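Notes for the one structure printed next.
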Amino acid sequence: MALEAIKPADFHWFPYEGFTFCLGLAEGEHAWTSGHTAAKFDPAIGKMRVEGTMQEQARTAYAKVLTIVEGAGLSLSDITHITENVTLSGLPHYAEAAAVRAELFGAHQPTVTTVVVERLVRSTAFLEVELRATKGGGTRLLAASEERAAGTFVPSAIVEGHDGTVHLPTMVPIDAGGDIVAPGDFVGQYRYCLEQADVLLRQVGLSLDNAVTTYDYSTPGSREVYRKTHRVRKELLGNGGVYPGAGGILMSRLHHPEQLVAIDVTASRHPLELVNPGWKRYDTLTYAPGVKAGRTLFMSGFAALDMETQEALHPGDLGAQAEATYGAILHLLRYAGLGPEHLLSTIEFCVERELRNYRAVAPVRERLLTAPWPASTGAICADLLRPEFLLEVFPTALYPAEAA
């Protein structure tokens, strides 16, 4: 069974053919959407436009992604995981989006991940929503608490979805009383987030040994001390024999004004297998280029890096960096026995100063990727851990059922 692009019978917000991403992908009784804002095509100006309050934008964004899920023969009750990318301008109004979500989903409790982003491609967009769905709504492992769970930004359930995948709510350094943990201490906050992730995972019969990715979001000041997280990661991760994939993105601020880091942790029920095509740099790192768990290939974030010399490639040239970045992703896919048609999703982070050139990435994707095109999300960040990098991509791929 192959991945298929979801093509709803009525998707009136914009004509969706001709892009290097799909509205969403489906396989059997499972679906994954791209990230969608409230953007609509305005024929009067011949362009996409986003307008309205946070509440209005949230309603439109959810209407779009739920229409896509319905196009795969699924419904709201089948949603297992929600990712909400909220912009800095939208963050003060985020409670309005949460209220819309609560109204729509009622007693149904997917896992909710909240990523604070510098902005979105559409400058007036406050929110971008991405969904994952499995017939029956997956398996609820931990119900949402009436009180905010320690270490989480929102009170969220934990649900096991497709192929034994378990997403956690975004881990933030805020204790059960709502106070910031380890003020001013980036490494201390990083440790707290991972330790709280382990607490939650152990409540559902897993641990950090089952982690397949840890994507962290920090502030630009963390560059100076980021290397010190190596010791924390070495202590807490990889004790099952395989380190998770990882990525690091910089935003000018996060959920709380005193917060220095947030971490999104994904785990799997399946045994973990390291996937490395021979890149020696990973021998001493606390993350892996790829982790196979069941039928899913989880990957680290990729940027334009020479894997042998560690040099950043093509400084100042976003298009060339995109070529090198996707070239490395495809190299890993080929080593794993896969191709671009097996890409399930790509999440692209472009640095804000290069937004005007972001359109240079689309022709690279058109040349290197292929239909049905991955479900994709693009967001704008303040910067990346290496200041020479202009783009970082978080990819995920799915092995065909017959190859499992």
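Going by the structure tokens order, chains are called A, B, ..., each with residues numbered from 1, while ligands are numbered from 1 in the order shown.
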task: Skip Val166 in chain A itself and residues of its chain fewer than 6 positions away, then list as a ChimeraX atom specification all residues within 10 Å of it, counting only C-alpha atoms.
output: /A:80-81,111,138-141,158-160,201,204,206,210-212,265-269
Could you write out the selected residues, including all heavy atoms, as a compact mmCIF listing (two decimals), in the first residue's frame?
```txt
# COMPACT_ATOMS: atom_id res chain seq x y z
N THR A 80 -5.36 11.96 16.18
CA THR A 80 -4.52 11.48 17.28
C THR A 80 -3.54 12.54 17.77
O THR A 80 -3.15 12.54 18.93
CB THR A 80 -3.71 10.25 16.85
OG1 THR A 80 -2.88 10.60 15.72
CG2 THR A 80 -4.62 9.09 16.48
N HIS A 81 -3.12 13.43 16.88
CA HIS A 81 -2.09 14.41 17.25
C HIS A 81 -2.32 15.71 16.50
O HIS A 81 -2.59 15.71 15.30
CB HIS A 81 -0.70 13.85 16.93
CG HIS A 81 0.42 14.78 17.27
ND1 HIS A 81 1.42 15.11 16.38
CD2 HIS A 81 0.71 15.47 18.41
CE1 HIS A 81 2.27 15.94 16.96
NE2 HIS A 81 1.85 16.18 18.18
N THR A 111 -3.29 14.32 21.37
CA THR A 111 -2.10 14.98 21.90
C THR A 111 -1.95 16.32 21.19
O THR A 111 -2.19 16.43 19.99
CB THR A 111 -0.84 14.13 21.66
OG1 THR A 111 -1.02 12.84 22.26
CG2 THR A 111 0.39 14.79 22.24
N GLY A 138 -6.73 6.16 17.51
CA GLY A 138 -5.55 5.63 18.20
C GLY A 138 -5.89 5.10 19.57
O GLY A 138 -7.05 4.81 19.89
N THR A 139 -4.87 5.01 20.40
CA THR A 139 -5.04 4.50 21.77
C THR A 139 -4.66 5.58 22.77
O THR A 139 -3.52 6.03 22.80
CB THR A 139 -4.15 3.26 22.01
OG1 THR A 139 -4.47 2.26 21.04
CG2 THR A 139 -4.37 2.70 23.41
N ARG A 140 -5.63 6.02 23.56
CA ARG A 140 -5.33 7.02 24.58
C ARG A 140 -4.55 6.35 25.71
O ARG A 140 -5.04 5.43 26.37
CB ARG A 140 -6.60 7.66 25.13
CG ARG A 140 -6.31 8.81 26.10
CD ARG A 140 -7.57 9.34 26.74
NE ARG A 140 -8.51 9.86 25.77
CZ ARG A 140 -9.73 10.31 26.10
NH1 ARG A 140 -10.14 10.26 27.36
NH2 ARG A 140 -10.53 10.76 25.16
N LEU A 141 -3.34 6.82 25.93
CA LEU A 141 -2.48 6.25 26.95
C LEU A 141 -2.57 7.00 28.27
O LEU A 141 -2.39 6.42 29.33
CB LEU A 141 -1.02 6.26 26.47
CG LEU A 141 -0.74 5.54 25.14
CD1 LEU A 141 0.73 5.70 24.77
CD2 LEU A 141 -1.12 4.07 25.23
N ILE A 158 -2.07 11.96 26.05
CA ILE A 158 -1.01 11.30 25.28
C ILE A 158 -1.67 10.13 24.56
O ILE A 158 -2.30 9.28 25.18
CB ILE A 158 0.13 10.80 26.19
CG1 ILE A 158 0.80 11.99 26.89
CG2 ILE A 158 1.16 10.02 25.37
CD1 ILE A 158 1.89 11.59 27.86
N VAL A 159 -1.54 10.14 23.23
CA VAL A 159 -2.22 9.16 22.39
C VAL A 159 -1.20 8.43 21.53
O VAL A 159 -0.29 9.04 20.96
CB VAL A 159 -3.26 9.86 21.47
CG1 VAL A 159 -3.93 8.85 20.55
CG2 VAL A 159 -4.30 10.58 22.32
N GLU A 160 -1.35 7.12 21.44
CA GLU A 160 -0.53 6.33 20.52
C GLU A 160 -1.23 6.28 19.18
O GLU A 160 -2.39 5.87 19.09
CB GLU A 160 -0.32 4.92 21.06
CG GLU A 160 0.54 4.04 20.17
CD GLU A 160 0.79 2.66 20.76
OE1 GLU A 160 0.81 2.54 22.01
OE2 GLU A 160 0.94 1.71 19.98
N LEU A 201 6.57 9.54 29.81
CA LEU A 201 6.72 8.30 29.06
C LEU A 201 6.61 7.08 29.97
O LEU A 201 6.02 6.06 29.61
CB LEU A 201 8.04 8.29 28.30
CG LEU A 201 8.10 9.19 27.06
CD1 LEU A 201 9.52 9.30 26.55
CD2 LEU A 201 7.18 8.65 25.96
N VAL A 204 3.20 5.82 30.66
CA VAL A 204 2.51 5.09 29.59
C VAL A 204 3.32 3.85 29.16
O VAL A 204 3.12 3.31 28.08
CB VAL A 204 2.24 6.01 28.37
CG1 VAL A 204 1.37 7.17 28.81
CG2 VAL A 204 3.51 6.50 27.72
N LEU A 206 6.63 3.51 28.68
CA LEU A 206 7.82 3.74 27.87
C LEU A 206 8.83 4.55 28.69
O LEU A 206 8.66 4.74 29.88
CB LEU A 206 7.45 4.50 26.59
CG LEU A 206 6.44 3.83 25.66
CD1 LEU A 206 5.98 4.79 24.57
CD2 LEU A 206 7.06 2.59 25.02
N ASN A 210 12.97 4.98 24.49
CA ASN A 210 12.11 4.76 23.32
C ASN A 210 11.98 6.00 22.43
O ASN A 210 11.25 5.97 21.45
CB ASN A 210 10.71 4.33 23.78
CG ASN A 210 10.73 3.09 24.65
OD1 ASN A 210 10.66 3.19 25.87
ND2 ASN A 210 10.82 1.93 24.03
N ALA A 211 12.70 7.07 22.80
CA ALA A 211 12.59 8.32 22.04
C ALA A 211 13.20 8.16 20.65
O ALA A 211 14.31 7.65 20.50
CB ALA A 211 13.28 9.45 22.78
N VAL A 212 12.47 8.61 19.64
CA VAL A 212 12.97 8.54 18.26
C VAL A 212 13.37 9.92 17.74
O VAL A 212 14.20 10.02 16.84
CB VAL A 212 11.93 7.91 17.32
CG1 VAL A 212 11.82 6.41 17.58
CG2 VAL A 212 10.57 8.59 17.44
N VAL A 265 9.20 15.76 22.09
CA VAL A 265 9.72 14.39 22.14
C VAL A 265 8.72 13.45 21.49
O VAL A 265 7.53 13.49 21.83
CB VAL A 265 10.00 13.95 23.58
CG1 VAL A 265 10.49 12.51 23.63
CG2 VAL A 265 11.05 14.86 24.24
N THR A 266 9.19 12.63 20.58
CA THR A 266 8.38 11.57 19.98
C THR A 266 9.02 10.24 20.31
O THR A 266 10.25 10.10 20.27
CB THR A 266 8.31 11.74 18.45
OG1 THR A 266 7.78 13.04 18.16
CG2 THR A 266 7.41 10.69 17.83
N ALA A 267 8.20 9.25 20.65
CA ALA A 267 8.70 7.91 21.01
C ALA A 267 7.97 6.87 20.17
O ALA A 267 6.98 7.16 19.50
CB ALA A 267 8.50 7.65 22.50
N SER A 268 8.48 5.64 20.23
CA SER A 268 7.85 4.55 19.48
C SER A 268 7.80 3.29 20.33
O SER A 268 8.69 3.02 21.14
CB SER A 268 8.64 4.26 18.20
OG SER A 268 8.07 3.15 17.52
N ARG A 269 6.75 2.51 20.11
CA ARG A 269 6.61 1.20 20.77
C ARG A 269 7.58 0.17 20.20
O ARG A 269 7.86 -0.83 20.82
CB ARG A 269 5.19 0.68 20.58
CG ARG A 269 4.14 1.40 21.37
CD ARG A 269 4.14 0.96 22.81
NE ARG A 269 3.09 1.63 23.56
CZ ARG A 269 3.06 1.64 24.89
NH1 ARG A 269 4.01 1.04 25.58
NH2 ARG A 269 2.08 2.26 25.52
```
message: Residues of range 157-251 of chain A classed as strand (DSSP E) by DSSP on the backbone are to be reported as an MDAnalysis selection string.
response: chainID A and resid 158:160 165:167 211:218 245:250
Could the residues in this selection be written to a file with C-alpha atoms, as a PDB file, in the first residue's frame?
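Saved as result-v7.pdb:
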```pdb
ATOM      1  CA  ILE A 158      -1.013  11.297  25.284  1.00  0.00           C
ATOM      2  CA  VAL A 159      -2.219   9.164  22.389  1.00  0.00           C
ATOM      3  CA  GLU A 160      -0.529   6.329  20.524  1.00  0.00           C
ATOM      4  CA  THR A 165       4.164   6.380  17.448  1.00  0.00           C
ATOM      5  CA  VAL A 166       3.680   8.345  20.671  1.00  0.00           C
ATOM      6  CA  HIS A 167       3.905  12.143  20.608  1.00  0.00           C
ATOM      7  CA  ALA A 211      12.593   8.318  22.040  1.00  0.00           C
ATOM      8  CA  VAL A 212      12.973   8.544  18.257  1.00  0.00           C
ATOM      9  CA  THR A 213      13.243  12.345  17.965  1.00  0.00           C
ATOM     10  CA  THR A 214      13.919  15.274  20.265  1.00  0.00           C
ATOM     11  CA  TYR A 215      13.398  18.578  18.481  1.00  0.00           C
ATOM     12  CA  ASP A 216      14.357  21.543  20.627  1.00  0.00           C
ATOM     13  CA  TYR A 217      13.535  25.221  20.327  1.00  0.00           C
ATOM     14  CA  SER A 218      15.679  27.738  22.166  1.00  0.00           C
ATOM     15  CA  GLY A 245      17.161  12.048  15.901  1.00  0.00           C
ATOM     16  CA  ALA A 246      17.401  15.708  16.877  1.00  0.00           C
ATOM     17  CA  GLY A 247      17.051  19.243  15.593  1.00  0.00           C
ATOM     18  CA  GLY A 248      17.656  22.680  17.040  1.00  0.00           C
ATOM     19  CA  ILE A 249      15.781  25.854  16.076  1.00  0.00           C
ATOM     20  CA  LEU A 250      16.145  29.373  17.519  1.00  0.00           C
TER      21      LEU A 250
END
```
message: Let me make sure I understand: among A:Ala98, A:Ile68, A:Ala336, A:Met307, which one has the smallest atom-to-atom distance to Tyr16 in chain A if we use only C-alpha atoms?
response: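 The answer is A:Ile68, which sits nearest to Tyr16 in chain A.
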field: helix (DSSP H, G or I) call set, DSSP backbone run, range 145-377 of chain A, as a PyMOL selection string
entry: chain A and resi 162-164+186-203+208-210+220-224+226-236+280-284+318-335+340-342+352-368
Write the residues of the preceding selection, restricted to C-alpha atoms, as a PDB file, in the first residue's frame.
```
ATOM      1  CA  HIS A 162       0.042   5.193  13.584  1.00  0.00           C
ATOM      2  CA  ASP A 163       2.756   2.514  13.748  1.00  0.00           C
ATOM      3  CA  GLY A 164       3.196   2.695  17.515  1.00  0.00           C
ATOM      4  CA  PHE A 186      19.612  27.010  29.800  1.00  0.00           C
ATOM      5  CA  VAL A 187      21.176  23.629  30.579  1.00  0.00           C
ATOM      6  CA  GLY A 188      19.091  23.256  33.734  1.00  0.00           C
ATOM      7  CA  GLN A 189      15.909  23.960  31.797  1.00  0.00           C
ATOM      8  CA  TYR A 190      16.974  21.544  29.063  1.00  0.00           C
ATOM      9  CA  ARG A 191      17.522  18.808  31.652  1.00  0.00           C
ATOM     10  CA  TYR A 192      14.162  19.485  33.277  1.00  0.00           C
ATOM     11  CA  CYS A 193      12.322  19.154  29.967  1.00  0.00           C
ATOM     12  CA  LEU A 194      13.928  15.808  29.172  1.00  0.00           C
ATOM     13  CA  GLU A 195      13.413  14.506  32.710  1.00  0.00           C
ATOM     14  CA  GLN A 196       9.731  15.460  32.616  1.00  0.00           C
ATOM     15  CA  ALA A 197       9.409  13.765  29.230  1.00  0.00           C
ATOM     16  CA  ASP A 198      10.763  10.618  30.848  1.00  0.00           C
ATOM     17  CA  VAL A 199       8.225  10.963  33.680  1.00  0.00           C
ATOM     18  CA  LEU A 200       5.357  11.129  31.194  1.00  0.00           C
ATOM     19  CA  LEU A 201       6.718   8.296  29.056  1.00  0.00           C
ATOM     20  CA  ARG A 202       7.079   6.028  32.088  1.00  0.00           C
ATOM     21  CA  GLN A 203       3.440   6.663  32.933  1.00  0.00           C
ATOM     22  CA  LEU A 208      13.398   8.125  27.014  1.00  0.00           C
ATOM     23  CA  ASP A 209      15.041   4.919  25.766  1.00  0.00           C
ATOM     24  CA  ASN A 210      12.109   4.759  23.324  1.00  0.00           C
ATOM     25  CA  PRO A 220      19.637  32.893  20.307  1.00  0.00           C
ATOM     26  CA  GLY A 221      21.567  33.290  23.547  1.00  0.00           C
ATOM     27  CA  SER A 222      21.675  29.498  23.918  1.00  0.00           C
ATOM     28  CA  ARG A 223      24.287  29.259  21.160  1.00  0.00           C
ATOM     29  CA  GLU A 224      27.003  30.104  23.668  1.00  0.00           C
ATOM     30  CA  TYR A 226      24.326  24.787  23.700  1.00  0.00           C
ATOM     31  CA  ARG A 227      27.262  22.349  23.598  1.00  0.00           C
ATOM     32  CA  LYS A 228      26.816  21.798  27.328  1.00  0.00           C
ATOM     33  CA  THR A 229      23.594  19.890  26.594  1.00  0.00           C
ATOM     34  CA  HIS A 230      25.795  17.072  25.246  1.00  0.00           C
ATOM     35  CA  ARG A 231      26.439  15.835  28.769  1.00  0.00           C
ATOM     36  CA  VAL A 232      22.741  15.963  29.670  1.00  0.00           C
ATOM     37  CA  ARG A 233      21.744  14.099  26.517  1.00  0.00           C
ATOM     38  CA  LYS A 234      24.477  11.497  27.002  1.00  0.00           C
ATOM     39  CA  GLU A 235      23.202  10.835  30.517  1.00  0.00           C
ATOM     40  CA  LEU A 236      19.482  10.721  29.749  1.00  0.00           C
ATOM     41  CA  LYS A 280      31.418   9.404  11.059  1.00  0.00           C
ATOM     42  CA  ARG A 281      30.428  12.703  12.645  1.00  0.00           C
ATOM     43  CA  TYR A 282      27.570  10.934  14.418  1.00  0.00           C
ATOM     44  CA  ASP A 283      29.915   8.516  16.193  1.00  0.00           C
ATOM     45  CA  THR A 284      30.521  11.048  18.981  1.00  0.00           C
ATOM     46  CA  LEU A 318      19.364  29.700   0.232  1.00  0.00           C
ATOM     47  CA  GLY A 319      18.660  27.827  -3.001  1.00  0.00           C
ATOM     48  CA  ALA A 320      22.034  26.091  -2.945  1.00  0.00           C
ATOM     49  CA  GLN A 321      21.609  25.268   0.748  1.00  0.00           C
ATOM     50  CA  ALA A 322      18.213  23.727  -0.004  1.00  0.00           C
ATOM     51  CA  GLU A 323      19.850  21.594  -2.715  1.00  0.00           C
ATOM     52  CA  ALA A 324      22.514  20.354  -0.288  1.00  0.00           C
ATOM     53  CA  THR A 325      19.981  19.805   2.502  1.00  0.00           C
ATOM     54  CA  TYR A 326      17.570  17.748   0.426  1.00  0.00           C
ATOM     55  CA  GLY A 327      20.507  15.986  -1.193  1.00  0.00           C
ATOM     56  CA  ALA A 328      21.598  14.717   2.240  1.00  0.00           C
ATOM     57  CA  ILE A 329      18.048  13.656   3.077  1.00  0.00           C
ATOM     58  CA  LEU A 330      17.784  11.688  -0.162  1.00  0.00           C
ATOM     59  CA  HIS A 331      21.186  10.098   0.482  1.00  0.00           C
ATOM     60  CA  LEU A 332      19.923   8.816   3.827  1.00  0.00           C
ATOM     61  CA  LEU A 333      16.685   7.629   2.229  1.00  0.00           C
ATOM     62  CA  ARG A 334      18.555   5.694  -0.463  1.00  0.00           C
ATOM     63  CA  TYR A 335      20.748   4.050   2.162  1.00  0.00           C
ATOM     64  CA  PRO A 340      11.495  10.574  -2.229  1.00  0.00           C
ATOM     65  CA  GLU A 341       8.065   9.002  -2.817  1.00  0.00           C
ATOM     66  CA  HIS A 342       8.320   7.537   0.691  1.00  0.00           C
ATOM     67  CA  GLU A 352      13.671  35.317   9.033  1.00  0.00           C
ATOM     68  CA  ARG A 353      16.310  37.324   7.193  1.00  0.00           C
ATOM     69  CA  GLU A 354      15.953  34.998   4.173  1.00  0.00           C
ATOM     70  CA  LEU A 355      12.169  34.987   3.954  1.00  0.00           C
ATOM     71  CA  ARG A 356      12.276  37.113   0.793  1.00  0.00           C
ATOM     72  CA  ASN A 357      14.277  34.292  -0.860  1.00  0.00           C
ATOM     73  CA  TYR A 358      12.278  31.369   0.530  1.00  0.00           C
ATOM     74  CA  ARG A 359      10.622  30.815  -2.849  1.00  0.00           C
ATOM     75  CA  ALA A 360      14.016  29.486  -4.055  1.00  0.00           C
ATOM     76  CA  VAL A 361      13.325  26.254  -2.120  1.00  0.00           C
ATOM     77  CA  ALA A 362      10.266  25.222  -4.194  1.00  0.00           C
ATOM     78  CA  PRO A 363      12.160  24.547  -7.467  1.00  0.00           C
ATOM     79  CA  VAL A 364      14.677  22.441  -5.529  1.00  0.00           C
ATOM     80  CA  ARG A 365      11.858  20.363  -4.093  1.00  0.00           C
ATOM     81  CA  GLU A 366      10.272  20.063  -7.542  1.00  0.00           C
ATOM     82  CA  ARG A 367      13.546  18.765  -8.962  1.00  0.00           C
ATOM     83  CA  LEU A 368      14.500  16.382  -6.144  1.00  0.00           C
TER      84      LEU A 368
END
```
- request: Excluding Gln259 in chain A and any residue of its chain fewer than 2 positions from it, enumerate the residues within 9 Å of it, using only C-alpha atoms, and give them as a list in words.
  value: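 Result of the neighbour search: Val172, Pro173, Ile174, Ile180, Val181, Pro183, Gly184, Phe186, Gln189, Ser218, Thr219, Arg253, Leu254, His255, His256, Pro257, Val261 and Ala262 of chain A.
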Surrounding residues of Ala5 in chain A excluding itself and chain neighbours under 2 positions, 8 Å, only C-alpha atoms, as a list of chain:residue names: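 So, after excluding close chain neighbours, the residues are A:Leu3, A:Lys7, A:Cys22, A:Leu23, A:Gly24, A:Leu25, A:Ala26, A:Pro372, A:Trp373.
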message: One decimal, in Å: what's the spacing between CA of Ser75 in chain A and CA of Pro15 in chain A?
response: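 Result for CA of Ser75 in chain A versus CA of Pro15 in chain A: 22.5 Å, one decimal.
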- prompt: Using only C-alpha atoms, which of the listed residues (A:Thr67, A:Thr377, A:Gln109, A:Asn239) sits closest to His12 in chain A?
  reply: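 Of A:Thr67, A:Thr377, A:Gln109, A:Asn239, the one nearest His12 in chain A, counting only C-alpha atoms, is A:Thr67.
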Test item: residues at most 10 Å from Thr83 in chain A, only C-alpha atoms, excluding those fewer than 6 positions along its chain, as a list in words: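 Skipping anything fewer than 6 positions along the chain leaves Gly35, Thr111, Val112, Thr113, Thr114, Val115, Glu128, Val129, Glu130, Leu131, Arg132, Pro169 and Thr170 of chain A.
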message: Using Å and a single decimal, report how far CA of Asp306 in chain A sits from CA of Arg386 in chain A.
response: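 Atom-to-atom, CA of Arg386 in chain A to CA of Asp306 in chain A, that is 12.9 Å.
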